[in-house]
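Structure first, then comments.
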Amino acid sequence: MPTIVVEVMPKAVLLDPQGKAVAGALHRLGKSRFTDVRLGKRFEIAFEGDADEATLAEVRELAESMLSNSVIEDVVSVHFVGSGTQTNGAHVAGTPVEAS
Amino acid sequence: MRIGVVTFPGSLDDRDAQRAVRLAGATPVALWHGEHDLHGVDAIVLPGGFSYGDYLRAGAIASLSPIMAEVIAAANRGVPVLGICNGFQMLAEAHLLDGGLIRNDHGTFICRDQKLRVENTATAWTNGYAPGTEITIPLKNGEGGFVADAETIARLEGEGQVAFRYLGVNPNGSINDIAGVTNARGNVVGLMPHPEHAIEEGFGPDTDAAMRSGTDGLTIFTSAIAALAAV
């Protein structure tokens with residue numbers, strides 16, 4: 001099943017209380033070399049039809065207008081995974097991207 | 001005078017808001033998130049709670065519900081609209097109000113009686129307060145940190161669109177202690193604290209006079225009635 005992944009992060013200039021709480025827990029575990037954590041969202045969107053640029057553009061638009069709120073968040077990546085053609089190289093290392 | 005209160009899946013304070021409308025002297029009208037019908041109400045309250053489980057972002061999915069298309073159209077016609085807590089988050093998500101609400105800076109849910117200053121007494125929901133009035137009403141939220149970019153904050157401050165400001169303590173990290181804002185026209189107001197929980201002696205915040213005797217929130221609702229009567 002072709003899937004589009006959308007990744008959204010809290011704006012860097014804003015406090016991220018969730019990330020701060022995780023960083024605090026790491027510190028308490030003695031993992032103090034991990035100095036900062038920011039915690040965002042990953043959407044995996046299954047779809048019907050072709051994994052083409054038009055689909056990607058449509059999801060990019062939805063990512064900006066609905067999946068994120070530009071006042072408080074940034075869309076950091078919109079890309080295909082699975083059997084689709086990967087047309088956006090901005091995927092995060094380690095993400096199971098299957099390039100055709 | 002008929003004031004609608006929208007119930008969403010996950011609304012908690014819709015009945016309290018209806019009661020506040022009634023005690024203020026208007027007729028509360030129950031509205032449903034899944035309808036496109038405002039039943040001809042004269043003003044609208046979006047109540048507190050956790051609509052749609054706060055999924056995606058607080059207020060985000062509610063802002064896309066069928067009734068909100070009508071609420072947005074009504075707001076743009078000048079109909080008074082009040083968003084309380086989750087309702088404020090919806091108004092921000094619907095772009096009827098500037099800014100956004102993020103998780104409290106201390107990371108925990110907070111519930112307390114909160115002192116505020118009414119900063120703008122020219123709106124449809126604050127005209128009954130004297131300028132600079134200090135009020136105490138309950139505050140209860142996990143995502144009440146008001147944020148906006150510096151340019152927006154400067155405009156809100158410069159144009160008098162900060163409607164309420166936290167006094168004494170900033171409970172959630174809101175920029176400039178902002179507790180509530182209005183649109184430029186003054187008909188749409190949102191705030192994180194809960195005026196509908198401070199409208200009747202015996203059920204409000206403690207005051208120096210007596211336990212649970214605070215009714216500072218009632219003027220929000222009587223203000224709307226006065227604004228409608230003046231039209």
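We label chains A, B, ... in the order they appear in the structure tokens, count residues from 1 in each chain, and number ligands from 1 in the order shown.
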
TODO: Could you give me, as a ChimeraX atom specification, the residues within 8 Å of A:Glu64, counting only C-alpha atoms and dropping anything in the same chain fewer than 5 positions from it?
DONE: /A:69-70,75

Mind dumping the selected residues with N, CA and C atoms as a compact mmCIF listing (two decimals), in the first residue's frame?
# COMPACT_ATOMS: atom_id res chain seq x y z
N ASN A 69 -0.66 23.55 12.22
CA ASN A 69 -1.11 24.93 12.43
C ASN A 69 0.14 25.80 12.35
N SER A 70 0.21 26.63 11.33
CA SER A 70 1.45 27.37 11.07
C SER A 70 1.78 28.38 12.17
N VAL A 75 5.69 22.13 9.08
CA VAL A 75 5.75 20.87 8.35
C VAL A 75 7.21 20.68 7.93

TODO: Using only C-alpha atoms, find which residues of chain B lie within 10 Å of chain A and jot them down as a list of chain:residue names.
DONE: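 Those within range of chain A come out as B:Leu56, B:Arg57, B:Ala60, B:Ile61, B:Leu64, B:Ala92, B:Glu93, B:Asp98, B:Gly99, B:Gly100, B:Leu101, B:Ile102, B:Arg103, B:Asn104, B:Asp105, B:His106, B:Gly107, B:Thr108, B:Gly145, B:Phe146, B:Val147, B:Ala148, B:Asp149, B:Gly173.
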
Open item on the list: Neighbouring residues of stretch 1-11 of chain B were defined as those with any atom within 8 Å, considering only C-alpha atoms; residues of the same chain fewer than 5 positions away were excluded. Please report them as a PyMOL selection string.
Closed with: chain B and resi 17-18+21+26-33+38+41-53+62+225+228

- [ ] Using DSSP on the backbone coordinates, identify the residues of stretch 77-188 of chain B assigned to strand (DSSP E or B); present them as a ChimeraX atom specification.
- [x] /B:81-84,100-102,110-118,134-141,145-147,162-166,178-182,188

Task: Among the residues A:Ala51, A:Arg60, A:Glu44, A:Ala23, the one that comes closest to A:Asp74 [using only C-alpha atoms] - done: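 Of all the options, A:Arg60 lies closest to A:Asp74.
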
Residues near stretch 65-70 of chain B, anyone? I mean within 6 Å using only C-alpha atoms, not counting same-chain ones fewer than 4 positions away, as an mmCIF file with C-alpha atoms, in the first residue's frame.
data_model
loop_
_atom_site.group_PDB
_atom_site.id
_atom_site.type_symbol
_atom_site.label_atom_id
_atom_site.label_comp_id
_atom_site.auth_asym_id
_atom_site.auth_seq_id
_atom_site.Cartn_x
_atom_site.Cartn_y
_atom_site.Cartn_z
ATOM 1 C CA HIS B 33 -21.716 20.182 15.956
ATOM 2 C CA GLY B 34 -22.956 17.939 13.151
ATOM 3 C CA GLU B 35 -25.625 20.331 11.877
ATOM 4 C CA HIS B 36 -25.441 23.351 9.599
#

TODO: Select from stretch 65-183 of chain B everything DSSP, run on the backbone, classes as helix (DSSP H, G or I), then give the selection as number ranges by chain.
DONE: B: 66-77, 86-93, 150-158, 175-177
